[in-house]
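Printed here is input_7.tsv (TSV, C-alpha atoms):
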```tsv
chain	number	residue	atom	x	y	z
W	1	MET	CA	101.66	118.63	23.94
W	2	ILE	CA	102.55	122.33	23.78
W	3	ALA	CA	99.69	123.15	26.16
W	4	ILE	CA	101.02	120.61	28.67
W	5	LEU	CA	104.53	122.07	28.47
W	6	VAL	CA	103.21	125.61	28.85
W	7	ALA	CA	101.15	124.66	31.90
W	8	ALA	CA	104.08	122.92	33.59
W	9	ALA	CA	106.59	125.66	32.77
W	10	VAL	CA	104.38	128.57	33.85
W	11	ALA	CA	103.37	126.81	37.06
W	12	MET	CA	106.95	125.87	37.93
W	13	VAL	CA	108.36	129.36	37.34
W	14	LEU	CA	105.56	131.08	39.24
W	15	SER	CA	105.83	128.60	42.10
W	16	LEU	CA	109.61	128.95	42.22
W	17	VAL	CA	109.51	132.75	42.28
W	18	GLY	CA	106.27	133.09	44.19
W	19	THR	CA	107.38	130.82	47.01
W	20	ARG	CA	110.47	132.99	47.53
W	21	PHE	CA	108.34	136.10	48.01
W	22	LEU	CA	105.85	134.13	50.10
W	23	ILE	CA	108.63	133.10	52.49
W	24	ASP	CA	109.57	136.76	53.08
W	25	LEU	CA	105.93	137.74	53.59
W	26	LEU	CA	105.22	134.92	56.04
W	27	VAL	CA	108.42	135.54	57.99
W	28	ARG	CA	107.56	139.24	58.38
W	29	ARG	CA	104.09	138.32	59.62
W	30	GLN	CA	105.50	135.53	61.82
W	31	VAL	CA	103.31	132.90	60.17
W	32	SER	CA	105.30	129.86	61.28
W	33	GLN	CA	104.59	126.16	61.77
W	34	PRO	CA	103.87	125.17	65.39
W	35	ILE	CA	105.88	122.06	66.30
W	36	LEU	CA	104.62	119.26	68.50
W	37	SER	CA	105.87	119.41	72.05
W	38	LEU	CA	108.88	117.45	73.22
W	39	GLU	CA	106.57	115.09	75.10
W	40	GLU	CA	104.63	114.32	71.91
W	41	ARG	CA	107.51	113.84	69.49
W	42	GLY	CA	110.77	114.29	71.34
W	43	PRO	CA	113.59	116.52	70.11
W	44	LEU	CA	113.46	115.34	66.49
W	45	HIS	CA	111.87	118.40	64.92
W	46	GLN	CA	112.31	121.17	67.46
W	47	HIS	CA	114.96	122.82	65.26
W	48	LYS	CA	112.25	123.44	62.67
W	49	ALA	CA	110.26	125.73	64.96
W	50	GLY	CA	109.75	129.12	63.33
W	51	THR	CA	109.76	127.82	59.75
W	52	PRO	CA	106.95	129.55	57.80
W	53	THR	CA	104.00	127.43	56.74
W	54	MET	CA	101.08	127.64	54.29
W	55	GLY	CA	103.46	127.40	51.34
W	56	GLY	CA	100.84	125.33	49.56
W	57	ILE	CA	99.30	128.67	48.58
W	58	ALA	CA	102.13	129.01	46.06
W	59	ILE	CA	101.55	125.50	44.68
W	60	VAL	CA	97.82	125.99	44.16
W	61	GLY	CA	98.14	129.56	42.91
W	62	ALA	CA	100.87	128.66	40.42
W	63	ALA	CA	98.96	125.57	39.23
W	64	PHE	CA	95.84	127.65	38.66
W	65	ALA	CA	97.85	130.22	36.67
W	66	GLY	CA	99.53	127.46	34.64
W	67	TYR	CA	96.14	125.95	33.84
W	68	LEU	CA	94.83	129.31	32.61
W	69	ALA	CA	98.00	130.06	30.62
W	70	ALA	CA	97.75	126.78	28.73
W	71	HIS	CA	94.33	127.82	27.42
W	72	VAL	CA	95.61	131.03	25.84
W	73	ARG	CA	96.65	129.08	22.75
W	74	LYS	CA	93.96	128.02	20.33
W	75	GLY	CA	93.09	124.34	20.32
W	76	LEU	CA	92.62	123.80	24.03
W	77	VAL	CA	89.21	124.59	25.49
W	78	PHE	CA	87.95	124.67	29.05
W	79	THR	CA	85.90	121.58	29.84
W	80	ASN	CA	83.30	121.06	32.54
W	81	THR	CA	85.36	118.19	33.91
W	82	GLY	CA	88.55	120.22	34.07
W	83	LEU	CA	86.83	123.16	35.74
W	84	LEU	CA	85.25	120.87	38.32
W	85	VAL	CA	88.63	119.32	39.14
W	86	MET	CA	90.20	122.75	39.59
W	87	THR	CA	87.27	123.85	41.76
W	88	ALA	CA	87.69	120.77	43.97
W	89	ILE	CA	91.42	121.53	44.33
W	90	LEU	CA	90.65	125.10	45.37
W	91	GLY	CA	87.97	123.87	47.77
W	92	ALA	CA	90.32	121.43	49.50
W	93	ALA	CA	93.01	124.14	49.65
W	94	THR	CA	90.53	126.43	51.38
W	95	VAL	CA	89.82	123.81	54.06
W	96	GLY	CA	93.55	123.36	54.53
W	97	PHE	CA	94.13	127.12	54.71
W	98	LEU	CA	91.57	127.48	57.50
W	99	ASP	CA	93.21	124.61	59.39
W	100	ASP	CA	96.69	126.16	58.99
W	101	TRP	CA	95.51	129.65	59.92
W	102	ILE	CA	93.95	128.48	63.18
W	103	LYS	CA	97.18	126.66	64.07
W	104	VAL	CA	99.21	129.81	63.45
W	105	ARG	CA	96.76	132.10	65.23
W	106	ASN	CA	96.65	129.89	68.32
W	107	ALA	CA	100.37	129.03	68.14
W	108	ARG	CA	99.50	125.36	68.59
W	109	ASN	CA	99.70	122.32	66.33
W	110	LEU	CA	95.92	122.00	66.51
W	111	GLY	CA	93.78	123.64	63.85
W	112	LEU	CA	90.24	122.74	62.89
W	113	THR	CA	88.68	119.99	64.94
W	114	GLN	CA	88.83	116.61	63.24
W	115	ARG	CA	85.05	116.68	62.78
W	116	THR	CA	85.06	120.15	61.21
W	117	LYS	CA	87.98	119.34	58.94
W	118	THR	CA	86.33	116.10	57.82
W	119	LEU	CA	83.06	117.93	57.20
W	120	GLY	CA	84.83	120.53	55.07
W	121	LEU	CA	86.52	117.90	52.93
W	122	LEU	CA	83.25	115.99	52.73
W	123	VAL	CA	81.49	119.06	51.32
W	124	VAL	CA	84.20	119.33	48.65
W	125	ALA	CA	84.04	115.61	47.82
W	126	VAL	CA	80.25	115.42	47.68
W	127	GLY	CA	80.02	118.62	45.65
W	128	PHE	CA	82.56	117.31	43.14
W	129	ALA	CA	80.98	113.86	42.79
W	130	VAL	CA	77.42	115.17	42.40
W	131	SER	CA	78.43	117.92	39.98
W	132	LEU	CA	80.44	115.47	37.90
W	133	LEU	CA	77.47	113.14	37.63
W	134	ILE	CA	75.12	115.96	36.67
W	135	VAL	CA	77.11	118.02	34.17
W	136	THR	CA	79.50	115.49	32.60
W	137	GLY	CA	79.28	112.08	31.01
W	138	VAL	CA	81.54	110.42	33.56
W	139	HIS	CA	81.57	106.62	33.39
W	140	THR	CA	80.04	105.12	36.54
W	141	THR	CA	82.00	101.88	36.36
W	142	LEU	CA	84.74	100.43	38.50
W	143	SER	CA	87.89	101.28	36.60
W	144	PHE	CA	91.52	100.22	36.66
W	145	THR	CA	93.19	101.38	33.44
W	146	ARG	CA	90.06	102.47	31.55
W	147	PHE	CA	86.29	102.70	31.98
W	148	ASP	CA	85.68	99.10	30.82
W	149	SER	CA	88.51	97.48	32.77
W	150	PRO	CA	87.17	95.76	34.80
W	151	GLY	CA	84.11	97.81	33.87
W	152	TRP	CA	81.74	96.66	36.61
W	153	LYS	CA	78.68	98.89	36.52
W	154	LEU	CA	78.21	100.68	39.84
W	155	GLY	CA	75.49	103.15	39.01
W	156	ALA	CA	75.40	106.78	40.07
W	157	VAL	CA	74.93	106.19	43.81
W	158	LEU	CA	77.67	103.59	44.33
W	159	TRP	CA	80.08	105.40	42.03
W	160	GLY	CA	79.40	108.64	43.87
W	161	ALA	CA	80.14	106.95	47.19
W	162	LEU	CA	83.37	105.53	45.77
W	163	ALA	CA	84.36	108.97	44.47
W	164	ILE	CA	83.75	110.58	47.86
W	165	PHE	CA	85.75	107.89	49.64
W	166	THR	CA	88.61	108.19	47.14
W	167	ILE	CA	88.90	111.95	47.61
W	168	MET	CA	88.69	111.74	51.41
W	169	ALA	CA	91.22	108.91	51.61
W	170	THR	CA	93.76	110.37	49.19
W	171	SER	CA	93.69	113.89	50.63
W	172	ASN	CA	94.25	112.53	54.14
W	173	ALA	CA	96.97	110.16	52.91
W	174	VAL	CA	99.03	112.99	51.41
W	175	ASN	CA	98.40	115.00	54.56
W	176	LEU	CA	99.93	112.17	56.63
W	177	ALA	CA	102.96	112.05	54.33
W	178	ASP	CA	103.65	115.74	54.88
W	179	GLY	CA	105.95	115.20	57.85
W	180	LEU	CA	109.49	115.56	56.50
W	181	ASP	CA	111.06	118.28	54.36
W	182	GLY	CA	110.09	117.74	50.73
W	183	LEU	CA	108.59	114.29	51.26
W	184	ALA	CA	105.03	115.07	50.15
W	185	SER	CA	105.89	117.57	47.42
W	186	GLY	CA	108.70	115.46	45.95
W	187	SER	CA	106.72	112.23	45.86
W	188	ALA	CA	103.69	114.02	44.40
W	189	ILE	CA	105.76	114.97	41.35
W	190	PHE	CA	106.03	111.32	40.30
W	191	ALA	CA	102.28	110.79	40.69
W	192	PHE	CA	101.45	113.86	38.60
W	193	ILE	CA	103.88	112.72	35.89
W	194	ALA	CA	101.90	109.49	35.69
W	195	PHE	CA	98.62	111.35	35.23
W	196	VAL	CA	100.12	113.64	32.58
W	197	VAL	CA	101.00	110.54	30.55
W	198	ILE	CA	97.62	108.89	31.19
W	199	GLY	CA	95.66	112.03	30.34
W	200	PHE	CA	97.61	112.64	27.12
W	201	THR	CA	97.23	109.00	26.07
W	202	ALA	CA	93.48	109.22	26.65
W	203	PHE	CA	93.40	112.38	24.52
W	204	ARG	CA	95.32	110.74	21.66
W	205	HIS	CA	93.21	107.56	21.72
W	206	PRO	CA	89.58	108.55	22.44
W	207	ASP	CA	88.26	105.37	20.78
W	208	ILE	CA	89.88	103.29	23.52
W	209	TYR	CA	89.38	105.45	26.59
W	210	ARG	CA	86.15	107.30	25.66
W	211	ILE	CA	87.30	110.47	27.40
W	212	ASP	CA	86.63	113.79	25.69
W	213	HIS	CA	88.58	115.85	28.22
W	214	GLY	CA	91.87	113.96	28.40
W	215	LEU	CA	94.05	116.87	27.29
W	216	ASP	CA	92.45	119.30	29.76
W	217	LEU	CA	93.09	116.85	32.60
W	218	ALA	CA	96.67	116.28	31.45
W	219	VAL	CA	97.15	120.05	31.61
W	220	ILE	CA	95.84	120.09	35.20
W	221	ALA	CA	98.27	117.31	36.14
W	222	ALA	CA	101.11	119.23	34.45
W	223	SER	CA	100.13	122.40	36.31
W	224	MET	CA	100.19	120.63	39.68
W	225	LEU	CA	103.46	118.98	38.67
W	226	GLY	CA	105.04	122.33	37.89
W	227	GLY	CA	103.67	123.93	41.05
W	228	SER	CA	105.01	121.10	43.22
W	229	ALA	CA	108.43	121.15	41.49
W	230	GLY	CA	108.87	124.91	41.92
W	231	PHE	CA	107.86	124.69	45.56
W	232	LEU	CA	110.25	121.78	46.19
W	233	TRP	CA	113.21	124.10	45.47
W	234	TRP	CA	112.45	125.84	48.79
W	235	ASN	CA	110.86	122.88	50.58
W	236	ALA	CA	113.75	120.43	50.12
W	237	ALA	CA	115.72	119.69	53.29
W	238	PRO	CA	116.45	121.86	55.13
W	239	ALA	CA	113.08	123.39	54.31
W	240	ARG	CA	112.74	127.15	54.09
W	241	ILE	CA	108.96	126.75	54.12
W	242	PHE	CA	106.33	124.05	54.77
W	243	MET	CA	103.36	123.45	52.48
W	244	GLY	CA	100.88	123.05	55.33
W	245	ASP	CA	97.44	121.48	54.97
W	246	VAL	CA	96.59	124.01	52.25
W	247	GLY	CA	99.11	122.20	50.06
W	248	SER	CA	98.75	118.59	51.14
W	249	LEU	CA	94.94	118.53	50.96
W	250	ALA	CA	95.01	120.22	47.55
W	251	ILE	CA	97.57	117.73	46.19
W	252	GLY	CA	95.65	114.73	47.52
W	253	THR	CA	92.36	116.00	46.14
W	254	ALA	CA	93.97	116.69	42.76
W	255	LEU	CA	95.32	113.14	42.52
W	256	ALA	CA	91.97	111.62	43.49
W	257	CYS	CA	89.97	113.77	41.08
W	258	LEU	CA	92.35	113.03	38.21
W	259	ALA	CA	92.07	109.29	38.84
W	260	LEU	CA	88.27	109.46	38.98
W	261	THR	CA	87.90	111.50	35.80
W	262	LEU	CA	90.52	109.52	33.87
W	263	ASN	CA	88.86	106.23	34.84
W	264	THR	CA	91.89	104.93	36.75
W	265	THR	CA	90.41	104.77	40.24
W	266	LEU	CA	91.95	101.42	41.19
W	267	LEU	CA	95.24	102.29	39.50
W	268	LEU	CA	95.48	105.23	41.90
W	269	ILE	CA	96.32	102.75	44.67
W	270	ILE	CA	99.53	101.89	42.80
W	271	VAL	CA	100.30	105.42	41.60
W	272	CYS	CA	100.07	106.58	45.22
W	273	GLY	CA	101.60	103.42	46.67
W	274	LEU	CA	103.87	105.40	49.01
W	275	TYR	CA	100.93	107.32	50.46
W	276	VAL	CA	99.02	104.07	50.86
W	277	ALA	CA	101.90	102.52	52.83
W	278	ILE	CA	102.18	105.57	55.09
W	279	THR	CA	98.44	105.53	55.76
W	280	MET	CA	98.40	101.80	56.42
W	281	SER	CA	101.15	102.21	59.01
W	282	VAL	CA	98.88	104.54	60.97
W	283	ILE	CA	95.89	102.19	60.68
W	284	ILE	CA	97.93	99.13	61.71
W	285	GLN	CA	99.40	100.98	64.67
W	286	ARG	CA	95.99	102.09	65.94
W	287	ILE	CA	94.44	98.66	65.56
W	288	SER	CA	97.38	96.98	67.28
W	289	TYR	CA	97.41	99.49	70.13
W	290	LYS	CA	93.66	99.36	70.69
W	291	TYR	CA	92.92	95.66	70.29
W	292	PHE	CA	96.20	93.89	71.10
W	293	GLY	CA	97.14	95.08	74.53
W	294	LYS	CA	98.52	98.51	73.53
W	295	ARG	CA	101.22	96.83	71.47
W	296	ARG	CA	103.05	99.04	68.99
W	297	VAL	CA	104.08	97.63	65.61
W	298	PHE	CA	106.08	100.77	64.78
W	299	LYS	CA	108.08	102.99	67.07
W	300	MET	CA	106.02	105.91	65.80
W	301	THR	CA	103.64	106.65	62.96
W	302	PRO	CA	103.31	107.80	60.24
W	303	LEU	CA	105.90	105.43	58.82
W	304	HIS	CA	108.65	107.99	58.13
W	305	HIS	CA	108.84	108.85	61.83
W	306	HIS	CA	109.46	105.18	62.63
W	307	PHE	CA	112.62	105.29	60.54
W	308	GLU	CA	113.65	108.55	62.18
W	309	LEU	CA	113.55	106.84	65.55
W	310	GLN	CA	115.51	103.96	64.02
W	311	GLY	CA	118.32	106.44	63.52
W	312	TRP	CA	117.98	107.08	59.79
W	313	PRO	CA	118.96	110.65	58.75
W	314	GLU	CA	116.03	112.69	57.50
W	315	THR	CA	117.48	113.15	54.01
W	316	THR	CA	118.04	109.40	53.70
W	317	ILE	CA	114.39	108.70	54.48
W	318	ILE	CA	113.20	111.36	52.07
W	319	ILE	CA	115.33	110.22	49.14
W	320	ARG	CA	114.48	106.55	49.66
W	321	PHE	CA	110.78	107.35	49.92
W	322	TRP	CA	111.04	109.41	46.72
W	323	MET	CA	112.57	106.36	45.05
W	324	ILE	CA	109.64	104.25	46.23
W	325	ALA	CA	107.20	106.86	44.91
W	326	GLY	CA	108.98	106.82	41.55
W	327	ILE	CA	108.87	103.03	41.39
W	328	CYS	CA	105.14	103.04	42.19
W	329	ALA	CA	104.43	105.56	39.42
W	330	ALA	CA	106.58	103.58	36.97
W	331	VAL	CA	104.80	100.31	37.80
W	332	ALA	CA	101.41	102.00	37.37
W	333	LEU	CA	102.42	103.40	33.98
W	334	GLY	CA	103.78	100.00	33.00
W	335	LEU	CA	100.44	98.37	33.77
W	336	PHE	CA	98.61	101.15	31.94
W	337	TYR	CA	100.83	100.76	28.86
W	338	ALA	CA	100.59	96.96	28.92
W	339	ASP	CA	96.81	97.24	28.87
W	340	PHE	CA	97.05	99.76	26.02
W	341	LEU	CA	99.11	97.28	23.97
W	342	ALA	CA	96.70	94.47	24.79
W	343	VAL	CA	93.71	96.45	23.59
W	344	GLY	CA	95.42	97.78	20.48
W	345	VAL	CA	94.65	100.95	18.55
W	346	PRO	CA	91.34	100.63	16.67
W	347	GLU	CA	91.67	101.00	12.91
```
Starting from the file, give its structure as structure tokens.
Amino acid sequence: MIAILVAAAVAMVLSLVGTRFLIDLLVRRQVSQPILSLEERGPLHQHKAGTPTMGGIAIVGAAFAGYLAAHVRKGLVFTNTGLLVMTAILGAATVGFLDDWIKVRNARNLGLTQRTKTLGLLVVAVGFAVSLLIVTGVHTTLSFTRFDSPGWKLGAVLWGALAIFTIMATSNAVNLADGLDGLASGSAIFAFIAFVVIGFTAFRHPDIYRIDHGLDLAVIAASMLGGSAGFLWWNAAPARIFMGDVGSLAIGTALACLALTLNTTLLLIIVCGLYVAITMSVIIQRISYKYFGKRRVFKMTPLHHHFELQGWPETTIIIRFWMIAGICAAVALGLFYADFLAVGVPE
């Protein structure tokens, strides 16, 4: 437990302080977020032009430092699984950084091409899945709350494909949610809290969950939690800085990798229920527009922009969406705990 608290505290303090200095650095270098044109989005966000971006560097950097700091104490060791998760987070952050940098350099809201960005994330996802299968004893079953629930055997190939899809889907889902001040970072905090609890529970009850690296993964979740919380101080409306793709892709990849390694792949859908809803709004809109006579279900997608055009204040949308994210995480933990009680602690 001390290691988890150390990771969260170090990451939060470094993110809180580091983001402040990062804002000054980015402002001096004029590294700001290009805003969509009036024709593309209307006047909703034009006042945000000039706000520095790539703040996700502080989240990832602080989380990495928190993860290292937690291992200074005796009793916590680096695990292959934990190191692979951190490597995947850094890999996704690198793809996001390149995307953000091109946007800033070209002064347009267009970074990497969709194909290049997808390919970069695919390399990260494939590398993580293959490495996990080779160097760890990851369970290749379909999992909800543990490796044997429901426990359908998928085999290395099918599980690897599921892992790749999960990482790609979750990273893009968080990226879609990063459209209002503090929305993605604030809602991510609830999801990481859930994985801290799940990871620590798996560590305390290895006979049930058969995970040797539960504490190391809980520390990673705590580090990302602390990094996101410290960053939110400056990202809350009105935002002094945006996280950019370097932050959103890293957060999404972290959540996916934690779910895969903690054998809660299906539970991730509930933990990240807000991100799922936002992503589904985009999918529904595209299908409706393409196949049903260009009909729009929402005024604009992703979902939070629909409510903006409905006249909701930005802070109202953000707070209500945070509440939804909190409810989703609470429901997921409730299901996890109910299953824990049903299984019982082996004597």
Compile the contact shell of Cys272 (chain W) as an NGL selection string: residues with an atom at most 8 Å away, counting all atoms listed in the file, same-chain residues fewer than 5 positions apart removed. :W and (191 or 325 or 328-329)
Nearest to Ala330 (chain W) among W:His139, W:Ser281, W:Ile198, W:Gly50, with distances taken over all atoms listed in the file: which residue is it?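 Smallest distance to Ala330 (chain W) is found for W:Ile198.
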What are the closest atom pairs, with distances in Å to one decimal, for all residues of region 190-230 of chain W lying within 9 Å of region 16-36 of chain W? Consider all atoms listed in the file, order rows by chain and residue number, and present the result as a Markdown table.
```
| residue | atom | partner | partner_atom | distance |
| --- | --- | --- | --- | --- |
| W:Gly227 | CA | W:Leu16 | CA | 7.9 |
| W:Ala229 | CA | W:Leu16 | CA | 7.9 |
| W:Gly230 | CA | W:Leu16 | CA | 4.1 |
```
Using all atoms listed in the file, which residues of region 227-342 of chain W come within 12 Å of region 89-99 of chain W, and what is the closest atom pair for each, with the distance in Å to one decimal? Give it as a tab-separated table, sorted by chain and residue number.
```
residue	atom	partner	partner_atom	distance
W:Met243	CA	W:Gly96	CA	10.0
W:Gly244	CA	W:Gly96	CA	7.4
W:Asp245	CA	W:Gly96	CA	4.3
W:Val246	CA	W:Gly96	CA	3.9
W:Gly247	CA	W:Ala93	CA	6.4
W:Ser248	CA	W:Gly96	CA	7.8
W:Leu249	CA	W:Ala92	CA	5.6
W:Ala250	CA	W:Ala93	CA	4.9
W:Ile251	CA	W:Ile89	CA	7.5
W:Gly252	CA	W:Ile89	CA	8.6
W:Thr253	CA	W:Ile89	CA	5.9
W:Ala254	CA	W:Ile89	CA	5.7
W:Leu255	CA	W:Ile89	CA	9.4
W:Ala256	CA	W:Ile89	CA	10.0
W:Cys257	CA	W:Ile89	CA	8.5
W:Leu258	CA	W:Ile89	CA	10.5
```
Tell me, in Å to one decimal, how far CA of Leu232 (chain W) is from CA of Gly61 (chain W).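 Between CA of Leu232 (chain W) and CA of Gly61 (chain W) the gap is 14.8 Å.
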Would you compute the distance between CA of Arg115 (chain W) and CA of Val60 (chain W)? Give it in Å to one decimal.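 Here the two named atoms are 24.4 Å from each other.
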Any idea what's packed within 12 Å of Leu83 (chain W), counting all atoms listed in the file, ignoring anything in its chain fewer than 5 positions away? Could you give it as a VMD selection string? chain W and resid 64 67 to 68 77 to 78 88 to 90 128 131 to 132 135 to 136 213 216 to 217 219 to 220 254 257 to 258 261
Could you give me, as a list in words, the residues within 10 Å of Ile317 (chain W), counting only C-alpha atoms and dropping anything in the same chain fewer than 2 positions from it?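 Contacts, in chain order: Leu180, Leu183, His304, His305, Phe307, Glu308, Trp312, Pro313, Glu314, Thr315, Ile319, Arg320, Phe321, Trp322 and Met323 of chain W.
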One decimal, Å: what's the distance from CA of Phe200 (chain W) over to CA of Ser228 (chain W), could you say?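 The value is 19.6 Å.
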Can you pull out every residue within 6 Å of Ser223 (chain W), counting only C-alpha atoms, but drop anything in the same chain fewer than 4 positions away, and send it as a ChimeraX atom specification? /W:7-8,11,63,66-67
Top pick for closest residue to Leu14 (chain W), considering W:Leu76, W:Ala58, W:Ile134, W:Leu154 and counting all atoms listed in the file: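 Residue with the minimum atom-to-atom distance to Leu14 (chain W): W:Ala58.
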Hey, which of W:Thr301, W:Gln310, W:Thr113, W:Thr141 ends up closest to Leu260 (chain W)? Count all atoms listed in the file.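 Looking at the shortest contact to Leu260 (chain W), the residue is W:Thr141.
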Report the closest atom pair, with its distance in Å rounded to one decimal, for each residue of region 211-271 of chain W that has an atom no farther than 9 Å from region 331-336 of chain W; count only C-alpha atoms, sort by chain and then rising residue number, and write it as JSON lines.
```
{"residue": "W:Leu267", "atom": "CA", "partner": "W:Ala332", "partner_atom": "CA", "distance": 6.5}
{"residue": "W:Leu268", "atom": "CA", "partner": "W:Ala332", "partner_atom": "CA", "distance": 8.1}
{"residue": "W:Ile269", "atom": "CA", "partner": "W:Ala332", "partner_atom": "CA", "distance": 8.9}
{"residue": "W:Ile270", "atom": "CA", "partner": "W:Ala332", "partner_atom": "CA", "distance": 5.7}
{"residue": "W:Val271", "atom": "CA", "partner": "W:Ala332", "partner_atom": "CA", "distance": 5.6}
```
Kindly provide the residues of region 108-159 of chain W that approach region 165-177 of chain W to within 12 Å, each paired with its closest atom pair and their distance in Å to one decimal, based on all atoms listed in the file, listed by chain and increasing number, as a tab-separated table.
```
residue	atom	partner	partner_atom	distance
W:Gln114	CA	W:Asn172	CA	11.4
W:Lys117	CA	W:Asn172	CA	10.4
W:Thr118	CA	W:Met168	CA	8.1
W:Leu119	CA	W:Met168	CA	10.2
W:Gly120	CA	W:Met168	CA	10.3
W:Leu121	CA	W:Met168	CA	6.7
W:Leu122	CA	W:Met168	CA	7.0
W:Val123	CA	W:Met168	CA	10.3
W:Val124	CA	W:Ile167	CA	8.8
W:Ala125	CA	W:Ile167	CA	6.1
W:Val126	CA	W:Ile167	CA	9.3
W:Gly127	CA	W:Ile167	CA	11.3
W:Phe128	CA	W:Ile167	CA	9.4
W:Ala129	CA	W:Ile167	CA	9.5
W:Leu158	CA	W:Phe165	CA	10.6
W:Trp159	CA	W:Phe165	CA	9.8
```
Option closest in space to Val196 (chain W), from W:Met224, W:Val72, W:Ile327, W:Ile278 [counting only C-alpha atoms]: W:Met224
